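Chemist: Below is the file target_8.txt, which contains compact mmCIF, C-alpha atoms.
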```txt
# COMPACT_ATOMS: atom_id res chain seq x y z
CA THR T 1 86.52 100.86 73.05
CA GLN T 2 89.38 98.69 74.26
CA LEU T 3 88.38 95.65 76.30
CA LEU T 4 90.44 93.02 78.05
CA GLU T 5 88.68 89.73 78.73
CA GLN T 6 90.18 87.36 81.24
CA SER T 7 89.46 83.66 81.52
CA PRO T 8 88.58 81.84 83.55
CA GLN T 9 86.66 84.18 85.85
CA PHE T 10 87.02 81.83 88.81
CA LEU T 11 89.44 79.03 89.51
CA SER T 12 89.62 76.78 92.55
CA ILE T 13 92.46 74.26 92.59
CA GLN T 14 94.40 72.07 94.98
CA GLU T 15 97.85 72.99 96.22
CA GLY T 16 100.52 71.69 93.86
CA GLU T 17 98.44 71.92 90.67
CA ASN T 18 99.39 74.03 87.67
CA LEU T 19 97.14 76.65 86.10
CA THR T 20 97.01 79.18 83.29
CA VAL T 21 95.07 82.44 83.20
CA TYR T 22 94.39 84.17 79.88
CA CYS T 23 93.99 87.82 78.98
CA ASN T 24 92.61 88.57 75.51
CA SER T 25 91.75 91.63 73.47
CA SER T 26 91.10 92.64 69.88
CA SER T 27 93.27 95.72 70.47
CA VAL T 28 97.04 96.04 70.29
CA PHE T 29 98.78 97.21 73.44
CA SER T 30 102.21 98.77 73.81
CA SER T 31 102.68 97.00 77.14
CA LEU T 32 100.84 94.50 79.29
CA GLN T 33 100.96 94.30 83.08
CA TRP T 34 99.82 91.66 85.54
CA TYR T 35 98.71 92.51 89.07
CA ARG T 36 97.60 90.47 92.08
CA GLN T 37 95.09 91.88 94.52
CA GLU T 38 94.29 90.49 97.95
CA PRO T 39 91.12 91.31 99.92
CA GLY T 40 91.15 94.79 101.41
CA GLU T 41 94.23 95.86 99.51
CA GLY T 42 95.10 97.56 96.26
CA PRO T 43 96.52 95.65 93.28
CA VAL T 44 100.25 94.94 93.38
CA LEU T 45 102.25 94.90 90.17
CA LEU T 46 103.82 91.53 89.34
CA VAL T 47 105.33 92.11 85.92
CA THR T 48 105.36 94.28 82.82
CA VAL T 49 105.91 92.87 79.32
CA VAL T 50 106.50 95.17 76.38
CA THR T 51 107.72 93.08 73.43
CA GLY T 52 105.58 90.73 71.34
CA GLY T 53 106.46 87.12 72.21
CA GLU T 54 108.23 88.17 75.40
CA VAL T 55 108.35 85.65 78.24
CA LYS T 56 109.17 86.61 81.82
CA LYS T 57 109.51 84.37 84.84
CA LEU T 58 109.00 85.32 88.47
CA LYS T 59 109.73 82.26 90.61
CA ARG T 60 106.81 79.88 89.88
CA LEU T 61 104.97 82.40 87.69
CA THR T 62 105.55 82.61 83.92
CA PHE T 63 104.15 85.50 81.91
CA GLN T 64 103.90 85.64 78.13
CA PHE T 65 102.95 88.48 75.81
CA GLY T 66 101.39 87.38 72.52
CA ASP T 67 103.31 87.91 69.30
CA ALA T 68 100.71 90.40 68.07
CA ARG T 69 100.60 92.16 71.49
CA LYS T 70 96.86 91.55 71.81
CA ASP T 71 96.91 88.82 74.43
CA SER T 72 98.84 87.50 77.38
CA SER T 73 98.94 84.50 79.68
CA LEU T 74 100.00 83.83 83.24
CA HIS T 75 101.05 80.31 84.16
CA ILE T 76 101.55 79.25 87.78
CA THR T 77 103.46 76.06 88.49
CA ALA T 78 102.79 74.10 91.67
CA ALA T 79 100.29 76.58 93.08
CA GLN T 80 100.40 77.38 96.79
CA PRO T 81 97.72 78.81 99.12
CA GLY T 82 99.70 82.08 99.15
CA ASP T 83 98.91 82.47 95.44
CA THR T 84 95.24 82.98 96.27
CA GLY T 85 93.91 86.33 95.08
CA LEU T 86 92.42 88.31 92.23
CA TYR T 87 94.70 88.39 89.17
CA LEU T 88 94.32 91.37 86.88
CA CYS T 89 95.88 92.12 83.53
CA ALA T 90 96.18 95.71 82.34
CA GLY T 91 96.96 96.87 78.83
CA GLY T 92 98.79 100.09 78.15
CA SER T 93 98.47 102.10 74.96
CA GLY T 94 99.57 105.62 74.49
CA THR T 95 100.37 108.03 77.25
CA TYR T 96 100.06 106.95 80.88
CA LYS T 97 96.74 105.09 80.49
CA TYR T 98 96.04 101.45 81.33
CA ILE T 99 92.85 99.44 80.77
CA PHE T 100 92.23 96.68 83.31
CA GLY T 101 90.87 93.25 82.51
CA THR T 102 87.81 91.64 84.04
CA GLY T 103 89.86 89.71 86.60
CA THR T 104 90.42 86.06 87.54
CA ARG T 105 89.74 85.03 91.10
CA LEU T 106 92.04 82.19 92.14
CA LYS T 107 91.66 80.06 95.24
CA VAL T 108 94.31 77.51 96.09
CA LEU T 109 93.22 74.93 98.63
CA ALA T 110 95.72 73.40 101.05
CA GLU P 1 109.70 104.54 100.85
CA ALA P 2 106.14 105.33 101.88
CA GLY P 3 103.37 103.96 99.68
CA VAL P 4 100.21 105.59 98.40
CA ALA P 5 98.05 106.73 101.30
CA GLN P 6 94.26 106.91 101.18
CA SER P 7 91.62 107.94 103.68
CA PRO P 8 89.16 107.07 104.94
CA ARG P 9 89.41 103.28 104.55
CA TYR P 10 85.67 102.78 104.94
CA LYS P 11 82.66 105.03 104.54
CA ILE P 12 78.95 104.40 104.83
CA ILE P 13 76.53 107.08 103.67
CA GLU P 14 72.92 107.37 102.64
CA LYS P 15 71.94 108.04 99.03
CA ARG P 16 71.89 111.70 98.07
CA GLN P 17 74.57 112.52 100.66
CA SER P 18 78.03 113.70 99.66
CA VAL P 19 81.41 112.10 100.37
CA ALA P 20 85.06 112.92 99.75
CA PHE P 21 88.12 110.71 99.49
CA TRP P 22 91.72 111.78 99.91
CA CYS P 23 94.90 110.43 98.32
CA ASN P 24 98.57 111.16 98.89
CA PRO P 25 100.73 109.62 96.16
CA ILE P 26 104.30 108.41 96.38
CA SER P 27 106.68 111.34 96.51
CA GLY P 28 107.93 112.31 93.06
CA HIS P 29 105.22 110.47 91.10
CA ALA P 30 103.78 112.95 88.62
CA THR P 31 100.87 110.78 87.44
CA LEU P 32 97.92 110.08 89.71
CA TYR P 33 94.86 107.93 88.96
CA TRP P 34 91.47 107.39 90.58
CA TYR P 35 89.76 104.07 89.85
CA GLN P 36 86.39 102.63 90.78
CA GLN P 37 86.33 98.89 91.48
CA ILE P 38 83.03 97.08 91.76
CA LEU P 39 83.30 93.90 93.86
CA GLY P 40 85.03 91.10 91.94
CA GLN P 41 85.73 93.21 88.84
CA GLY P 42 88.75 94.98 87.45
CA PRO P 43 89.33 98.65 88.31
CA LYS P 44 87.72 101.22 86.01
CA LEU P 45 89.62 104.46 85.44
CA LEU P 46 87.70 107.54 86.56
CA ILE P 47 90.29 110.27 86.15
CA GLN P 48 93.99 110.63 85.50
CA PHE P 49 96.22 113.58 86.39
CA GLN P 50 99.65 114.51 85.14
CA ASN P 51 100.99 116.88 87.78
CA ASN P 52 97.94 119.06 88.45
CA GLY P 53 96.44 118.81 84.96
CA VAL P 54 93.73 116.35 83.88
CA VAL P 55 94.90 113.87 81.21
CA ASP P 56 91.74 111.76 80.96
CA ASP P 57 88.36 112.10 82.66
CA SER P 58 86.26 110.53 79.92
CA GLN P 59 84.69 107.96 82.28
CA LEU P 60 84.06 110.31 85.20
CA PRO P 61 80.32 110.95 85.75
CA LYS P 62 80.78 114.68 85.86
CA ASP P 63 77.24 115.43 86.99
CA ARG P 64 78.06 113.95 90.39
CA PHE P 65 81.79 113.22 90.59
CA SER P 66 84.58 115.78 90.80
CA ALA P 67 88.29 115.53 91.47
CA GLU P 68 91.15 117.90 91.94
CA ARG P 69 94.86 117.72 92.45
CA LEU P 70 96.05 121.01 93.83
CA LYS P 71 99.78 121.73 93.61
CA GLY P 72 100.30 118.45 91.76
CA VAL P 73 100.57 116.33 94.91
CA ASP P 74 97.54 115.31 97.01
CA SER P 75 94.20 114.66 95.38
CA THR P 76 90.56 114.52 96.46
CA LEU P 77 87.66 112.76 94.78
CA LYS P 78 84.14 113.89 95.65
CA ILE P 79 80.72 112.40 94.99
CA GLN P 80 77.68 114.63 95.35
CA PRO P 81 74.96 113.38 95.50
CA ALA P 82 75.75 109.69 95.94
CA LYS P 83 73.65 106.93 94.37
CA LEU P 84 73.28 103.30 95.38
CA GLU P 85 75.32 102.21 92.35
CA ASP P 86 78.31 104.21 93.60
CA SER P 87 78.92 101.51 96.21
CA ALA P 88 82.42 100.28 95.34
CA VAL P 89 86.08 100.49 96.32
CA TYR P 90 87.77 103.69 95.19
CA LEU P 91 91.43 103.15 94.46
CA CYS P 92 94.10 105.78 94.07
CA ALA P 93 97.35 105.00 92.26
CA SER P 94 100.44 106.90 91.29
CA SER P 95 102.91 105.90 88.63
CA LEU P 96 106.52 106.07 87.68
CA TRP P 97 107.93 105.99 84.16
CA THR P 98 110.49 103.17 83.88
CA GLY P 99 111.64 104.05 80.38
CA LEU P 100 109.43 101.36 78.86
CA SER P 101 106.14 101.63 80.71
CA TYR P 102 104.33 103.25 83.60
CA GLU P 103 104.37 101.19 86.79
CA GLN P 104 101.38 101.90 88.97
CA TYR P 105 101.44 101.74 92.75
CA PHE P 106 98.07 101.48 94.41
CA GLY P 107 96.79 102.59 97.76
CA PRO P 108 94.63 100.29 99.92
CA GLY P 109 91.42 101.88 98.66
CA THR P 110 88.31 103.34 100.28
CA ARG P 111 85.32 101.04 100.51
CA LEU P 112 82.15 103.09 100.03
CA THR P 113 78.73 101.73 100.90
CA VAL P 114 75.71 103.78 99.86
CA THR P 115 72.46 102.78 101.59
```
Can the structure in the file be given as structure tokens, please?
Modeler:
Amino acid sequence: TQLLEQSPQFLSIQEGENLTVYCNSSSVFSSLQWYRQEPGEGPVLLVTVVTGGEVKKLKRLTFQFGDARKDSSLHITAAQPGDTGLYLCAGGSGTYKYIFGTGTRLKVLA
Amino acid sequence: EAGVAQSPRYKIIEKRQSVAFWCNPISGHATLYWYQQILGQGPKLLIQFQNNGVVDDSQLPKDRFSAERLKGVDSTLKIQPAKLEDSAVYLCASSLWTGLSYEQYFGPGTRLTVT
């Protein structure tokens, strides 16, 4: 059974701080996605990485896919209150199917 | 472009009652997913359709849950009879093949409370 463990589970930081969220598995994935979910809404796709070692940047967010395609990280620089939410990684392997991680709940205090 | 629509947004029922959720995916998206999300956790896939055929329903509790996608567009998910542990948000998503991966677009979800 494929599992994606995220750490930390909860993170509360002050505005302006940097943070990193990790997504780890013992399984190899063909692609890895990161989503952000706000209360009362569905997850929204932030990025997809497909190549081992790939790094993508989205404004203050930096995403990295591990060389072996088993893990990924999300780094946020100078966090803002608008970054608050539940961050989810999702690993894709094979046709259509994605396995979601356990989630990291981030709260950025003003 | 309209997003994924779901209804109802909220539902409260007593245990042993039945309930149905409806989803209308983004036009042209062949793949449709139903997920169950327990509060604070990641979504768990219940069933996945490709057009009107089931691709994966390995985690669907088939003794009480059923889903259909007639004509390969709208979908309904039914629970009968409901249990207390079915209290969760039920998310519908549809996806688009980008050439490298499937990008999923989620609806707002239906929050189910079973009392």
Chemist: Please produce, as a Markdown table, a per-residue contact table for chain T versus chain P (criterion: any atom at most 8 Å away, only C-alpha atoms considered), showing the nearest atom pair and its distance in Å to one decimal, sorted by chain then residue number.
Modeler:
```
| residue | atom | partner | partner_atom | distance |
| --- | --- | --- | --- | --- |
| T:Ser31 | CA | P:Ser101 | CA | 6.8 |
| T:Gly40 | CA | P:Pro108 | CA | 6.7 |
| T:Glu41 | CA | P:Pro108 | CA | 4.5 |
| T:Gly42 | CA | P:Pro108 | CA | 4.6 |
| T:Pro43 | CA | P:Phe106 | CA | 6.1 |
| T:Val44 | CA | P:Tyr105 | CA | 6.9 |
| T:Leu45 | CA | P:Gln104 | CA | 7.2 |
| T:Thr48 | CA | P:Ser101 | CA | 7.7 |
| T:Val50 | CA | P:Leu100 | CA | 7.3 |
| T:Leu86 | CA | P:Gly40 | CA | 7.9 |
| T:Leu88 | CA | P:Gly42 | CA | 6.7 |
| T:Gly92 | CA | P:Ser101 | CA | 7.9 |
| T:Tyr96 | CA | P:Tyr102 | CA | 6.3 |
| T:Lys97 | CA | P:Gln48 | CA | 8.0 |
| T:Ile99 | CA | P:Lys44 | CA | 7.5 |
| T:Phe100 | CA | P:Gly42 | CA | 5.7 |
| T:Gly101 | CA | P:Gly42 | CA | 5.6 |
| T:Thr102 | CA | P:Gly42 | CA | 4.9 |
| T:Gly103 | CA | P:Gly42 | CA | 5.5 |
| T:Arg105 | CA | P:Gly40 | CA | 7.7 |
```
Chemist: Rounded to one decimal place, report the atom CA of Ala2 of chain P-atom CA of Ser27 of chain P distance in Å.
Modeler: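 Atom CA of Ser27 of chain P lies 8.1 Å from atom CA of Ala2 of chain P.
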Chemist: Can you measure atom CA of Cys23 of chain T to atom CA of Leu39 of chain P for me? One decimal in Å is fine.
Modeler: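 Atom CA of Cys23 of chain T sits 19.3 Å away from atom CA of Leu39 of chain P.
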Chemist: Quick one: of P:Phe65, P:Phe21, P:Trp34, P:Tyr10, who's nearest to Ala82 of chain P, counting all atoms listed in the file?
Modeler: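 Closest to Ala82 of chain P, using all atoms listed in the file: P:Phe65.
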Chemist: Separation of atom CA of Leu70 of chain P and atom CA of Pro8 of chain P, in Å?
Modeler: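 Distance reported for this atom pair: 19.1 Å.
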Chemist: Which neighbours of segment 70-84 of chain T fall inside 7 Å, counting only C-alpha atoms, when residues of the same chain fewer than 2 positions from it are skipped, and could you give them as a ChimeraX atom specification?
Modeler: /T:15-29,60-66,68,106-110
Chemist: What does segment 26-42 of chain T look like written to a file with all heavy atoms, as a PDB file, in the first residue's frame?
Modeler:
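What landed in part-v5.pdb:
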```
ATOM      1  N   SER T  26       7.898   5.565   0.770  1.00  0.00           N
ATOM      2  CA  SER T  26       8.830   4.508   0.390  1.00  0.00           C
ATOM      3  C   SER T  26       8.581   4.068  -1.053  1.00  0.00           C
ATOM      4  O   SER T  26       9.326   3.260  -1.608  1.00  0.00           O
ATOM      5  CB  SER T  26       8.692   3.312   1.330  1.00  0.00           C
ATOM      6  OG  SER T  26       7.359   2.842   1.317  1.00  0.00           O
ATOM      7  N   SER T  27       7.526   4.637  -1.655  1.00  0.00           N
ATOM      8  CA  SER T  27       7.151   4.277  -3.025  1.00  0.00           C
ATOM      9  C   SER T  27       7.643   5.319  -4.014  1.00  0.00           C
ATOM     10  O   SER T  27       7.794   6.496  -3.675  1.00  0.00           O
ATOM     11  CB  SER T  27       5.633   4.160  -3.143  1.00  0.00           C
ATOM     12  OG  SER T  27       5.113   3.210  -2.243  1.00  0.00           O
ATOM     13  N   VAL T  28       7.866   4.888  -5.231  1.00  0.00           N
ATOM     14  CA  VAL T  28       8.249   5.795  -6.309  1.00  0.00           C
ATOM     15  C   VAL T  28       6.982   6.284  -7.006  1.00  0.00           C
ATOM     16  O   VAL T  28       6.073   5.508  -7.285  1.00  0.00           O
ATOM     17  CB  VAL T  28       9.159   5.081  -7.322  1.00  0.00           C
ATOM     18  CG1 VAL T  28       9.469   5.992  -8.511  1.00  0.00           C
ATOM     19  CG2 VAL T  28      10.445   4.633  -6.648  1.00  0.00           C
ATOM     20  N   PHE T  29       6.951   7.576  -7.293  1.00  0.00           N
ATOM     21  CA  PHE T  29       5.802   8.158  -7.977  1.00  0.00           C
ATOM     22  C   PHE T  29       6.226   8.721  -9.332  1.00  0.00           C
ATOM     23  O   PHE T  29       7.325   9.222  -9.494  1.00  0.00           O
ATOM     24  CB  PHE T  29       5.165   9.258  -7.131  1.00  0.00           C
ATOM     25  CG  PHE T  29       4.509   8.737  -5.882  1.00  0.00           C
ATOM     26  CD1 PHE T  29       5.153   8.827  -4.658  1.00  0.00           C
ATOM     27  CD2 PHE T  29       3.257   8.149  -5.930  1.00  0.00           C
ATOM     28  CE1 PHE T  29       4.560   8.330  -3.505  1.00  0.00           C
ATOM     29  CE2 PHE T  29       2.653   7.662  -4.791  1.00  0.00           C
ATOM     30  CZ  PHE T  29       3.303   7.744  -3.566  1.00  0.00           C
ATOM     31  N   SER T  30       5.336   8.656 -10.283  1.00  0.00           N
ATOM     32  CA  SER T  30       5.616   9.217 -11.597  1.00  0.00           C
ATOM     33  C   SER T  30       5.447  10.738 -11.595  1.00  0.00           C
ATOM     34  O   SER T  30       6.042  11.427 -12.427  1.00  0.00           O
ATOM     35  CB  SER T  30       4.689   8.593 -12.646  1.00  0.00           C
ATOM     36  OG  SER T  30       3.343   8.783 -12.279  1.00  0.00           O
ATOM     37  N   SER T  31       4.647  11.247 -10.696  1.00  0.00           N
ATOM     38  CA  SER T  31       4.490  12.695 -10.555  1.00  0.00           C
ATOM     39  C   SER T  31       4.054  13.005  -9.128  1.00  0.00           C
ATOM     40  O   SER T  31       3.527  12.138  -8.427  1.00  0.00           O
ATOM     41  CB  SER T  31       3.458  13.240 -11.547  1.00  0.00           C
ATOM     42  OG  SER T  31       2.181  12.703 -11.277  1.00  0.00           O
ATOM     43  N   LEU T  32       4.281  14.240  -8.736  1.00  0.00           N
ATOM     44  CA  LEU T  32       3.949  14.645  -7.373  1.00  0.00           C
ATOM     45  C   LEU T  32       3.279  16.013  -7.463  1.00  0.00           C
ATOM     46  O   LEU T  32       3.800  16.915  -8.147  1.00  0.00           O
ATOM     47  CB  LEU T  32       5.226  14.710  -6.533  1.00  0.00           C
ATOM     48  CG  LEU T  32       5.174  14.687  -5.003  1.00  0.00           C
ATOM     49  CD1 LEU T  32       4.506  15.933  -4.437  1.00  0.00           C
ATOM     50  CD2 LEU T  32       4.482  13.449  -4.472  1.00  0.00           C
ATOM     51  N   GLN T  33       2.128  16.144  -6.820  1.00  0.00           N
ATOM     52  CA  GLN T  33       1.407  17.406  -6.850  1.00  0.00           C
ATOM     53  C   GLN T  33       1.292  17.980  -5.449  1.00  0.00           C
ATOM     54  O   GLN T  33       1.259  17.237  -4.464  1.00  0.00           O
ATOM     55  CB  GLN T  33       0.010  17.189  -7.447  1.00  0.00           C
ATOM     56  CG  GLN T  33       0.043  16.697  -8.889  1.00  0.00           C
ATOM     57  CD  GLN T  33      -1.339  16.474  -9.466  1.00  0.00           C
ATOM     58  OE1 GLN T  33      -2.280  16.164  -8.762  1.00  0.00           O
ATOM     59  NE2 GLN T  33      -1.450  16.647 -10.787  1.00  0.00           N
ATOM     60  N   TRP T  34       1.214  19.285  -5.378  1.00  0.00           N
ATOM     61  CA  TRP T  34       0.950  19.987  -4.122  1.00  0.00           C
ATOM     62  C   TRP T  34      -0.342  20.792  -4.282  1.00  0.00           C
ATOM     63  O   TRP T  34      -0.548  21.462  -5.311  1.00  0.00           O
ATOM     64  CB  TRP T  34       2.087  20.938  -3.753  1.00  0.00           C
ATOM     65  CG  TRP T  34       3.285  20.228  -3.197  1.00  0.00           C
ATOM     66  CD1 TRP T  34       4.383  19.799  -3.889  1.00  0.00           C
ATOM     67  CD2 TRP T  34       3.523  19.895  -1.826  1.00  0.00           C
ATOM     68  NE1 TRP T  34       5.281  19.204  -3.037  1.00  0.00           N
ATOM     69  CE2 TRP T  34       4.783  19.257  -1.760  1.00  0.00           C
ATOM     70  CE3 TRP T  34       2.799  20.072  -0.638  1.00  0.00           C
ATOM     71  CZ2 TRP T  34       5.334  18.789  -0.571  1.00  0.00           C
ATOM     72  CZ3 TRP T  34       3.346  19.615   0.545  1.00  0.00           C
ATOM     73  CH2 TRP T  34       4.603  18.976   0.571  1.00  0.00           C
ATOM     74  N   TYR T  35      -1.184  20.700  -3.252  1.00  0.00           N
ATOM     75  CA  TYR T  35      -2.448  21.412  -3.213  1.00  0.00           C
ATOM     76  C   TYR T  35      -2.517  22.250  -1.933  1.00  0.00           C
ATOM     77  O   TYR T  35      -1.908  21.910  -0.920  1.00  0.00           O
ATOM     78  CB  TYR T  35      -3.636  20.434  -3.187  1.00  0.00           C
ATOM     79  CG  TYR T  35      -3.850  19.635  -4.449  1.00  0.00           C
ATOM     80  CD1 TYR T  35      -3.068  18.511  -4.721  1.00  0.00           C
ATOM     81  CD2 TYR T  35      -4.859  19.973  -5.352  1.00  0.00           C
ATOM     82  CE1 TYR T  35      -3.274  17.762  -5.868  1.00  0.00           C
ATOM     83  CE2 TYR T  35      -5.075  19.223  -6.498  1.00  0.00           C
ATOM     84  CZ  TYR T  35      -4.282  18.133  -6.737  1.00  0.00           C
ATOM     85  OH  TYR T  35      -4.494  17.383  -7.886  1.00  0.00           O
ATOM     86  N   ARG T  36      -3.320  23.311  -1.971  1.00  0.00           N
ATOM     87  CA  ARG T  36      -3.667  24.055  -0.764  1.00  0.00           C
ATOM     88  C   ARG T  36      -5.191  24.056  -0.634  1.00  0.00           C
ATOM     89  O   ARG T  36      -5.909  24.274  -1.625  1.00  0.00           O
ATOM     90  CB  ARG T  36      -3.167  25.497  -0.796  1.00  0.00           C
ATOM     91  CG  ARG T  36      -3.537  26.280   0.472  1.00  0.00           C
ATOM     92  CD  ARG T  36      -2.843  27.620   0.545  1.00  0.00           C
ATOM     93  NE  ARG T  36      -3.289  28.517  -0.497  1.00  0.00           N
ATOM     94  CZ  ARG T  36      -2.516  29.414  -1.076  1.00  0.00           C
ATOM     95  NH1 ARG T  36      -1.245  29.513  -0.739  1.00  0.00           N
ATOM     96  NH2 ARG T  36      -3.007  30.194  -1.994  1.00  0.00           N
ATOM     97  N   GLN T  37      -5.634  23.807   0.578  1.00  0.00           N
ATOM     98  CA  GLN T  37      -7.072  23.758   0.836  1.00  0.00           C
ATOM     99  C   GLN T  37      -7.425  24.720   1.956  1.00  0.00           C
ATOM    100  O   GLN T  37      -6.804  24.697   3.023  1.00  0.00           O
ATOM    101  CB  GLN T  37      -7.495  22.329   1.223  1.00  0.00           C
ATOM    102  CG  GLN T  37      -8.986  22.156   1.400  1.00  0.00           C
ATOM    103  CD  GLN T  37      -9.356  20.721   1.717  1.00  0.00           C
ATOM    104  OE1 GLN T  37      -8.541  19.937   2.183  1.00  0.00           O
ATOM    105  NE2 GLN T  37     -10.612  20.346   1.457  1.00  0.00           N
ATOM    106  N   GLU T  38      -8.420  25.546   1.712  1.00  0.00           N
ATOM    107  CA  GLU T  38      -8.900  26.484   2.730  1.00  0.00           C
ATOM    108  C   GLU T  38     -10.221  25.956   3.284  1.00  0.00           C
ATOM    109  O   GLU T  38     -10.917  25.165   2.621  1.00  0.00           O
ATOM    110  CB  GLU T  38      -9.037  27.876   2.127  1.00  0.00           C
ATOM    111  CG  GLU T  38      -7.684  28.392   1.629  1.00  0.00           C
ATOM    112  CD  GLU T  38      -7.716  29.837   1.188  1.00  0.00           C
ATOM    113  OE1 GLU T  38      -8.621  30.572   1.648  1.00  0.00           O
ATOM    114  OE2 GLU T  38      -6.845  30.231   0.414  1.00  0.00           O
ATOM    115  N   PRO T  39     -10.581  26.387   4.490  1.00  0.00           N
ATOM    116  CA  PRO T  39     -11.798  25.858   5.133  1.00  0.00           C
ATOM    117  C   PRO T  39     -13.034  26.026   4.256  1.00  0.00           C
ATOM    118  O   PRO T  39     -13.259  27.081   3.675  1.00  0.00           O
ATOM    119  CB  PRO T  39     -11.895  26.707   6.407  1.00  0.00           C
ATOM    120  CG  PRO T  39     -10.493  27.109   6.701  1.00  0.00           C
ATOM    121  CD  PRO T  39      -9.848  27.313   5.362  1.00  0.00           C
ATOM    122  N   GLY T  40     -13.797  24.943   4.123  1.00  0.00           N
ATOM    123  CA  GLY T  40     -15.041  25.003   3.370  1.00  0.00           C
ATOM    124  C   GLY T  40     -14.866  24.922   1.867  1.00  0.00           C
ATOM    125  O   GLY T  40     -15.846  25.079   1.126  1.00  0.00           O
ATOM    126  N   GLU T  41     -13.651  24.674   1.426  1.00  0.00           N
ATOM    127  CA  GLU T  41     -13.403  24.601  -0.013  1.00  0.00           C
ATOM    128  C   GLU T  41     -12.660  23.318  -0.360  1.00  0.00           C
ATOM    129  O   GLU T  41     -12.099  22.647   0.500  1.00  0.00           O
ATOM    130  CB  GLU T  41     -12.586  25.804  -0.475  1.00  0.00           C
ATOM    131  CG  GLU T  41     -13.275  27.138  -0.225  1.00  0.00           C
ATOM    132  CD  GLU T  41     -12.442  28.310  -0.694  1.00  0.00           C
ATOM    133  OE1 GLU T  41     -11.413  28.095  -1.360  1.00  0.00           O
ATOM    134  OE2 GLU T  41     -12.818  29.457  -0.374  1.00  0.00           O
ATOM    135  N   GLY T  42     -12.658  22.998  -1.656  1.00  0.00           N
ATOM    136  CA  GLY T  42     -11.877  21.858  -2.101  1.00  0.00           C
ATOM    137  C   GLY T  42     -10.422  22.237  -2.301  1.00  0.00           C
ATOM    138  O   GLY T  42     -10.085  23.412  -2.390  1.00  0.00           O
TER     139      GLY T  42
END
```
